[in-house]
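Text of the file work21.txt, holding compact mmCIF, C-alpha atoms:
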```txt
# COMPACT_ATOMS: atom_id res chain seq x y z
CA MET A 82 -52.53 45.82 6.77
CA ALA A 83 -55.73 46.00 4.68
CA PHE A 84 -55.28 49.77 4.43
CA ILE A 85 -51.69 49.38 3.18
CA VAL A 86 -52.66 46.84 0.53
CA THR A 87 -55.54 49.05 -0.64
CA LEU A 88 -53.23 52.06 -0.77
CA ILE A 89 -50.76 50.18 -2.95
CA ILE A 90 -53.54 49.08 -5.27
CA LEU A 91 -54.78 52.67 -5.58
CA VAL A 92 -51.37 54.27 -6.04
CA LEU A 93 -49.66 51.78 -8.35
CA PRO A 94 -51.93 52.25 -11.40
CA SER A 95 -51.52 56.01 -11.00
CA PHE A 96 -47.74 55.68 -10.95
CA ILE A 97 -47.80 53.41 -14.01
CA SER A 98 -50.05 55.78 -15.98
CA GLU A 99 -47.93 58.80 -15.06
CA THR A 100 -44.77 56.98 -16.10
CA ALA A 101 -46.33 55.85 -19.37
CA ALA A 102 -47.41 59.42 -20.12
CA GLN A 103 -43.93 60.72 -19.38
CA ASP A 104 -42.39 58.00 -21.58
CA SER A 105 -44.65 58.96 -24.47
CA LYS A 106 -43.85 62.67 -24.22
CA LEU A 107 -40.14 61.98 -23.85
CA ILE A 108 -40.03 59.64 -26.83
CA ASP A 109 -41.93 62.15 -28.99
CA ALA A 110 -39.45 64.86 -27.99
CA ALA A 111 -36.55 62.51 -28.71
CA LYS A 112 -37.86 61.79 -32.20
CA LYS A 113 -38.09 65.54 -32.91
CA GLU A 114 -34.40 65.98 -32.03
CA GLY A 115 -33.32 63.19 -34.40
CA GLY A 116 -34.60 59.96 -32.85
CA LYS A 117 -31.15 58.75 -31.88
CA VAL A 118 -28.99 58.43 -28.75
CA ILE A 119 -25.19 58.18 -28.70
CA VAL A 120 -23.76 56.05 -25.89
CA TYR A 121 -20.14 55.71 -24.76
CA GLY A 122 -19.27 52.97 -22.30
CA SER A 123 -17.03 50.26 -20.94
CA PRO A 124 -19.45 47.27 -20.96
CA GLU A 125 -18.79 44.80 -23.79
CA THR A 126 -20.46 45.64 -27.09
CA PRO A 127 -22.59 42.46 -27.45
CA VAL A 128 -24.10 43.04 -24.00
CA VAL A 129 -25.09 46.65 -24.70
CA ASP A 130 -26.22 45.76 -28.22
CA ALA A 131 -28.75 43.33 -26.72
CA VAL A 132 -30.15 46.17 -24.60
CA ILE A 133 -30.14 48.56 -27.55
CA GLN A 134 -32.13 46.15 -29.72
CA ALA A 135 -34.82 45.85 -27.05
CA PHE A 136 -34.76 49.63 -26.47
CA GLN A 137 -35.23 50.33 -30.18
CA LYS A 138 -38.06 47.81 -30.41
CA LYS A 139 -39.87 49.39 -27.47
CA THR A 140 -39.32 53.08 -28.24
CA GLY A 141 -38.59 53.31 -31.98
CA LEU A 142 -35.42 55.26 -31.11
CA ALA A 143 -32.04 54.30 -32.54
CA ALA A 144 -28.81 54.08 -30.55
CA ASP A 145 -25.12 54.01 -31.46
CA TYR A 146 -22.62 52.55 -29.01
CA TRP A 147 -18.87 53.15 -28.76
CA ARG A 148 -16.99 50.89 -26.38
CA ALA A 149 -13.53 51.18 -24.80
CA SER A 150 -11.85 50.69 -21.42
CA ALA A 151 -13.14 52.81 -18.54
CA MET A 152 -10.26 55.29 -18.71
CA SER A 153 -10.42 55.57 -22.52
CA VAL A 154 -14.15 56.28 -22.31
CA MET A 155 -13.52 59.04 -19.78
CA ASN A 156 -10.66 60.53 -21.81
CA ARG A 157 -12.66 60.64 -25.04
CA ALA A 158 -15.75 62.08 -23.37
CA MET A 159 -13.67 64.63 -21.48
CA GLY A 160 -11.72 65.64 -24.60
CA GLU A 161 -14.92 66.28 -26.55
CA TYR A 162 -16.54 68.12 -23.67
CA ARG A 163 -13.58 70.41 -23.07
CA ALA A 164 -13.37 71.14 -26.79
CA GLY A 165 -16.99 72.30 -26.70
CA ASN A 166 -18.22 69.60 -29.06
CA PRO A 167 -19.44 66.56 -27.12
CA LEU A 168 -20.89 63.95 -29.48
CA TYR A 169 -22.27 61.60 -26.83
CA ASP A 170 -25.45 61.67 -24.77
CA VAL A 171 -24.98 58.89 -22.22
CA VAL A 172 -21.98 57.29 -20.52
CA LEU A 173 -21.98 53.79 -19.00
CA ASN A 174 -18.95 53.46 -16.76
CA ASN A 175 -17.61 52.59 -13.35
CA THR A 176 -17.37 54.84 -10.32
CA ASP A 177 -14.02 56.60 -10.38
CA PRO A 178 -14.02 57.92 -13.97
CA LEU A 179 -17.59 59.13 -13.51
CA TYR A 180 -16.74 60.95 -10.27
CA ILE A 181 -13.91 62.69 -12.11
CA MET A 182 -16.34 63.65 -14.90
CA ALA A 183 -18.91 64.84 -12.37
CA LYS A 184 -16.28 67.04 -10.71
CA GLU A 185 -15.68 68.61 -14.15
CA GLY A 186 -19.39 69.43 -14.37
CA MET A 187 -19.94 66.95 -17.19
CA VAL A 188 -22.78 64.96 -15.61
CA ALA A 189 -26.34 66.25 -15.81
CA LYS A 190 -28.70 65.84 -12.88
CA TYR A 191 -31.52 63.61 -14.12
CA ASP A 192 -34.00 62.00 -11.74
CA SER A 193 -35.22 59.12 -13.87
CA PRO A 194 -38.67 57.82 -12.83
CA THR A 195 -37.14 54.35 -12.99
CA ALA A 196 -34.83 55.31 -10.12
CA LYS A 197 -37.83 55.02 -7.77
CA LYS A 198 -37.41 51.24 -8.04
CA TYR A 199 -34.00 51.38 -6.35
CA PRO A 200 -33.45 51.61 -2.56
CA HIS A 201 -32.28 55.04 -1.42
CA ASP A 202 -28.92 53.64 -0.29
CA GLN A 203 -28.32 52.37 -3.82
CA ILE A 204 -28.62 55.83 -5.39
CA ASP A 205 -25.56 58.05 -5.61
CA PRO A 206 -26.44 61.76 -5.26
CA GLN A 207 -24.30 62.65 -8.28
CA LEU A 208 -24.51 59.56 -10.49
CA GLY A 209 -27.95 58.08 -9.80
CA PRO A 210 -28.77 54.39 -9.19
CA ILE A 211 -26.12 51.68 -9.17
CA SER A 212 -27.01 49.61 -12.23
CA ARG A 213 -24.45 46.81 -12.33
CA LEU A 214 -21.47 45.39 -10.46
CA GLY A 215 -18.11 44.63 -12.08
CA ILE A 216 -16.90 41.71 -9.95
CA VAL A 217 -13.22 40.85 -10.32
CA GLY A 218 -11.89 37.36 -9.68
CA VAL A 219 -9.49 34.67 -10.80
CA VAL A 220 -10.57 32.92 -14.00
CA TYR A 221 -8.82 29.88 -15.44
CA ASN A 222 -8.92 27.66 -18.53
CA LYS A 223 -9.88 24.12 -17.47
CA ASN A 224 -7.98 22.60 -20.38
CA LEU A 225 -4.76 24.08 -19.01
CA VAL A 226 -5.41 24.05 -15.28
CA ARG A 227 -7.25 21.13 -13.74
CA ALA A 228 -9.76 21.94 -11.03
CA GLU A 229 -7.72 20.12 -8.38
CA SER A 230 -4.61 22.10 -9.41
CA ALA A 231 -6.32 25.50 -9.53
CA PRO A 232 -5.61 28.11 -6.85
CA ARG A 233 -8.09 28.20 -3.97
CA THR A 234 -7.24 31.65 -2.61
CA LEU A 235 -5.52 34.81 -3.78
CA GLU A 236 -2.45 33.83 -1.77
CA ASP A 237 -2.31 30.56 -3.75
CA LEU A 238 -2.09 32.57 -6.96
CA VAL A 239 1.46 33.71 -6.21
CA GLN A 240 2.86 30.21 -5.71
CA PRO A 241 5.94 29.54 -7.89
CA LYS A 242 4.08 26.89 -9.90
CA TYR A 243 1.87 29.61 -11.44
CA ARG A 244 4.77 31.83 -12.54
CA GLY A 245 4.43 32.69 -16.22
CA MET A 246 0.80 31.53 -16.25
CA LEU A 247 -0.95 34.80 -15.36
CA VAL A 248 -2.46 37.65 -17.38
CA MET A 249 -4.02 40.82 -15.97
CA ALA A 250 -4.84 44.38 -16.99
CA ASP A 251 -1.93 46.81 -16.74
CA PRO A 252 -2.03 48.41 -13.25
CA THR A 253 -0.41 51.57 -14.58
CA LEU A 254 -3.21 52.11 -17.11
CA HIS A 255 -6.39 50.34 -16.15
CA VAL A 256 -8.79 52.02 -13.72
CA THR A 257 -10.48 48.95 -12.28
CA THR A 258 -7.21 47.08 -11.79
CA ILE A 259 -5.75 50.05 -9.91
CA GLN A 260 -8.89 50.08 -7.75
CA TRP A 261 -8.70 46.32 -7.23
CA LEU A 262 -5.10 46.38 -6.07
CA SER A 263 -5.66 49.38 -3.81
CA SER A 264 -8.71 47.67 -2.26
CA LEU A 265 -7.22 44.25 -1.51
CA HIS A 266 -6.75 45.31 2.12
CA LYS A 267 -10.55 45.14 2.49
CA ILE A 268 -10.54 41.35 2.01
CA MET A 269 -6.95 40.42 3.00
CA GLY A 270 -5.88 42.98 5.57
CA LYS A 271 -3.28 45.69 4.98
CA GLU A 272 -0.11 43.67 5.65
CA LYS A 273 -1.15 40.65 3.58
CA ALA A 274 -2.37 42.86 0.73
CA GLU A 275 0.91 44.76 0.48
CA LYS A 276 2.87 41.49 0.49
CA PHE A 277 0.55 39.94 -2.11
CA ILE A 278 0.92 42.87 -4.53
CA VAL A 279 4.72 42.63 -4.45
CA GLU A 280 4.59 38.85 -4.91
CA LEU A 281 2.06 39.18 -7.73
CA ALA A 282 4.36 41.57 -9.59
CA ALA A 283 7.25 39.12 -9.06
CA MET A 284 5.20 36.48 -10.94
CA LYS A 285 5.75 38.63 -14.06
CA PRO A 286 2.15 38.50 -15.28
CA VAL A 287 1.44 39.43 -18.88
CA LEU A 288 -0.04 42.94 -18.80
CA VAL A 289 -2.79 43.90 -21.26
CA GLU A 290 -4.95 46.98 -21.84
CA SER A 291 -8.03 46.01 -19.85
CA MET A 292 -10.13 43.20 -18.39
CA LEU A 293 -11.49 42.17 -21.79
CA PRO A 294 -8.19 41.19 -23.44
CA ALA A 295 -7.19 39.48 -20.18
CA GLY A 296 -10.36 37.42 -20.46
CA GLU A 297 -9.71 36.77 -24.15
CA ARG A 298 -6.19 35.45 -23.48
CA VAL A 299 -7.48 32.84 -21.05
CA THR A 300 -10.47 32.05 -23.30
CA THR A 301 -8.23 31.17 -26.27
CA GLY A 302 -5.84 29.21 -24.07
CA GLU A 303 -2.97 31.59 -24.75
CA MET A 304 -2.71 32.05 -20.97
CA PRO A 305 -3.99 29.62 -18.33
CA ILE A 306 -5.09 32.07 -15.60
CA ALA A 307 -6.44 35.64 -15.62
CA ILE A 308 -7.33 38.26 -13.07
CA THR A 309 -10.43 39.60 -14.77
CA PHE A 310 -14.20 39.92 -14.57
CA VAL A 311 -15.90 36.74 -13.36
CA LYS A 312 -18.68 37.22 -15.92
CA TYR A 313 -16.35 36.02 -18.70
CA VAL A 314 -16.75 32.48 -17.40
CA PHE A 315 -20.32 32.67 -18.68
CA THR A 316 -19.96 34.89 -21.74
CA SER A 317 -17.01 32.95 -23.13
CA GLY A 318 -18.41 29.67 -21.87
CA ARG A 319 -21.50 29.94 -24.04
CA GLN A 320 -19.15 30.10 -27.02
CA GLY A 321 -17.57 26.84 -25.89
CA ALA A 322 -14.59 28.12 -23.87
CA PRO A 323 -13.78 25.79 -20.93
CA LEU A 324 -13.55 28.42 -18.20
CA ASP A 325 -14.14 28.40 -14.47
CA TYR A 326 -13.43 30.79 -11.62
CA VAL A 327 -11.96 30.47 -8.15
CA ARG A 328 -14.70 30.58 -5.52
CA LEU A 329 -13.12 33.18 -3.28
CA GLU A 330 -14.84 33.80 0.05
CA ARG A 331 -15.31 37.46 -0.86
CA MET A 332 -14.79 39.25 -4.18
CA LEU A 333 -13.99 42.86 -4.86
CA GLY A 334 -15.93 44.79 -7.42
CA ASP A 335 -17.00 48.23 -8.52
CA CYS A 336 -20.33 49.91 -9.05
CA HIS A 337 -21.38 50.96 -12.52
CA PHE A 338 -23.68 53.82 -13.40
CA ALA A 339 -25.45 55.28 -16.42
CA VAL A 340 -25.26 59.08 -16.62
CA LEU A 341 -26.46 61.85 -18.91
CA ASN A 342 -24.06 64.31 -20.52
CA ASN A 343 -24.63 67.86 -19.22
CA LYS A 344 -24.36 69.08 -22.84
CA ALA A 345 -26.00 66.12 -24.55
CA PRO A 346 -26.75 66.78 -28.24
CA HIS A 347 -29.86 64.57 -27.88
CA PRO A 348 -30.94 65.09 -24.24
CA ASN A 349 -34.43 63.64 -24.57
CA ALA A 350 -33.17 60.51 -26.32
CA GLY A 351 -30.54 60.26 -23.60
CA LYS A 352 -33.17 60.43 -20.87
CA ALA A 353 -35.33 57.86 -22.65
CA PHE A 354 -32.36 55.51 -22.86
CA LEU A 355 -31.56 55.96 -19.16
CA ASP A 356 -35.17 55.28 -18.21
CA TYR A 357 -35.08 52.01 -20.14
CA TYR A 358 -31.56 50.98 -19.15
CA LEU A 359 -32.31 51.27 -15.43
CA ASP A 360 -35.60 49.36 -15.63
CA ASP A 361 -36.29 45.66 -15.03
CA GLU A 362 -36.39 44.60 -18.68
CA SER A 363 -32.91 45.93 -19.33
CA MET A 364 -31.57 44.50 -16.06
CA LYS A 365 -32.81 41.04 -17.05
CA ILE A 366 -31.17 41.36 -20.47
CA LEU A 367 -27.89 42.37 -18.84
CA ALA A 368 -28.06 39.44 -16.40
CA GLU A 369 -28.90 37.00 -19.19
CA ASN A 370 -25.70 38.17 -20.86
CA GLY A 371 -23.59 37.44 -17.80
CA GLU A 372 -23.71 40.75 -15.91
CA PHE A 373 -24.12 41.07 -12.15
CA VAL A 374 -26.93 43.63 -11.88
CA ASN A 375 -28.23 45.60 -8.93
CA ARG A 376 -31.56 43.80 -8.73
CA LYS A 377 -32.51 41.39 -5.98
CA GLY A 378 -33.26 37.92 -7.34
CA ILE A 379 -31.78 38.58 -10.79
CA TYR A 380 -28.48 36.76 -11.31
CA PRO A 381 -26.34 35.84 -14.32
CA PRO A 382 -26.58 32.17 -15.37
CA LEU A 383 -23.21 31.48 -13.76
CA PRO A 384 -22.68 28.63 -11.27
CA GLY A 385 -22.52 30.04 -7.76
CA ALA A 386 -23.48 33.60 -8.80
CA GLU A 387 -26.08 33.89 -6.06
CA ARG A 388 -23.46 33.05 -3.41
CA VAL A 389 -20.87 35.65 -4.45
CA GLN A 390 -20.11 37.97 -1.51
CA TYR A 391 -19.52 41.35 -3.09
CA VAL A 392 -17.16 43.88 -1.49
CA GLN A 393 -17.14 47.41 -2.87
CA MET A 394 -13.72 48.61 -4.02
CA GLU A 395 -12.17 51.88 -2.88
CA ASN A 396 -13.13 55.05 -4.72
CA LEU A 397 -10.08 57.06 -5.79
CA ASP A 398 -10.05 60.71 -6.73
CA ALA A 399 -7.85 61.93 -9.58
CA LYS A 400 -4.91 62.68 -7.28
CA ALA A 401 -5.02 59.30 -5.54
CA PHE A 402 -5.42 57.56 -8.87
CA GLU A 403 -2.24 59.18 -10.24
CA GLN A 404 -0.36 58.29 -7.05
CA LYS A 405 -1.40 54.65 -7.32
CA LYS A 406 -0.42 54.54 -11.01
CA LYS A 407 3.11 55.63 -10.08
CA GLU A 408 3.27 53.27 -7.11
CA TYR A 409 2.22 50.23 -9.14
CA GLY A 410 4.47 51.26 -12.02
CA LYS A 411 7.48 51.00 -9.70
CA ILE A 412 6.33 47.57 -8.51
CA PHE A 413 5.12 45.93 -11.73
CA LEU A 414 7.37 47.53 -14.40
CA ARG A 415 10.75 47.34 -12.73
```

Step by step, read the file and then write its structure as structure tokens.
Amino acid sequence: MAFIVTLIILVLPSFISETAAQDSKLIDAAKKEGGKVIVYGSPETPVVDAVIQAFQKKTGLAADYWRASAMSVMNRAMGEYRAGNPLYDVVLNNTDPLYIMAKEGMVAKYDSPTAKKYPHDQIDPQLGPISRLGIVGVVYNKNLVRAESAPRTLEDLVQPKYRGMLVMADPTLHVTTIQWLSSLHKIMGKEKAEKFIVELAAMKPVLVESMLPAGERVTTGEMPIAITFVKYVFTSGRQGAPLDYVRLERMLGDCHFAVLNNKAPHPNAGKAFLDYYLDDESMKILAENGEFVNRKGIYPPLPGAERVQYVQMENLDAKAFEQKKKEYGKIFLR
């Protein structure tokens, strides 16, 4: 044991000094190529802006962020890439769109030194470390739905008394919602999941572009209940919105990654941003802003966050994704 402790003491300063030297060289190179990184992503703008401010303060590098839904981010990045004029350096997105981009050869292989802080089973061979988790749940406005009247399970959600009270992202358009529906069998079983999906569609939920407007509808009180990201309970709550979420036994979610464009116009700035984004300081900033991050002991300031049992959603390739879009279109849009 004494040998192991001594070894750690001897090696750790060396690792820190090597990393610091690499950071310095990378930042100098980034400044020579313009001192700026362009980031496309699906995380909400205020959350990423908080990271960008800290990144700029630490490195002196600027960053511009463009935000849209996961599919819109992929489509814009792919359109630019195929046209031979990609404007972005880094993409922050969830699994399926990034796998599609990787298959197109759009993702550069970059072994960030920060990745050494992640367990091997948390590092995807194509996309790098899992940085955050997009956990989907049932969120409700407490002014419109009293706690004792709120659903307790997903099956409760399709009771007749909630008809006309639901909002969710359009399952013919939104990547994460398609994943969520196609993964319900992992927490409900195949037969119950298929029945639930049909019953959910029969509730005639209001369909919106993505998780964010679904969260906004329940935040403003326009709709009482949303299927959306659980994090909105915190992010909207700190603005005064009376939100809570159903404490499901297990909750589906998707992994998020940060990747470098294979033809990044500012590759060194992109690498510097990835190094910072994947590190502890950034993870704490993300968690403080309501995100579930892939760091043990770091949780968003959301009641019960540490007890959430996360279940990874299915990964769909482009063909399966298109099949599910058609399937859910027939169910939800008839």

Original post:
Which distance in Å separates atom CA of A:Ile308 and atom CA of A:Ser363, to one decimal?
Top reply: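 Computed distance, atom CA of A:Ile308 to atom CA of A:Ser363, equals 27.4 Å.
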
Subject >> Spatial neighbours of A:Asp325, max dist 12 Å, all atoms listed in the file, sep filter under 6 positions, as an MDAnalysis selection string >> reply: chainID A and resid 218:228 231:232 296 299:300 305:307 309:318 383:385

Subject >> Which residue of A:Met246, A:Leu333, A:Leu173, A:Ala189 approaches A:Thr258 most closely, using all atoms listed in the file >> reply: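 Nearest to A:Thr258: A:Leu333.
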
Subject >> Two-atom distance - atom CA of A:Glu369, atom CA of A:Leu214 (Å) >> reply: 14.2 Å

Original post:
Distance atom CA of A:Gln260-atom CA of A:Gly215, one decimal place?
Top reply: 11.6 Å

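Counting all atoms listed in the file, the residue from A:Asp361, A:Thr140, A:Glu395, A:Asn370 that sits nearest to A:Lys197 is A:Asp361.
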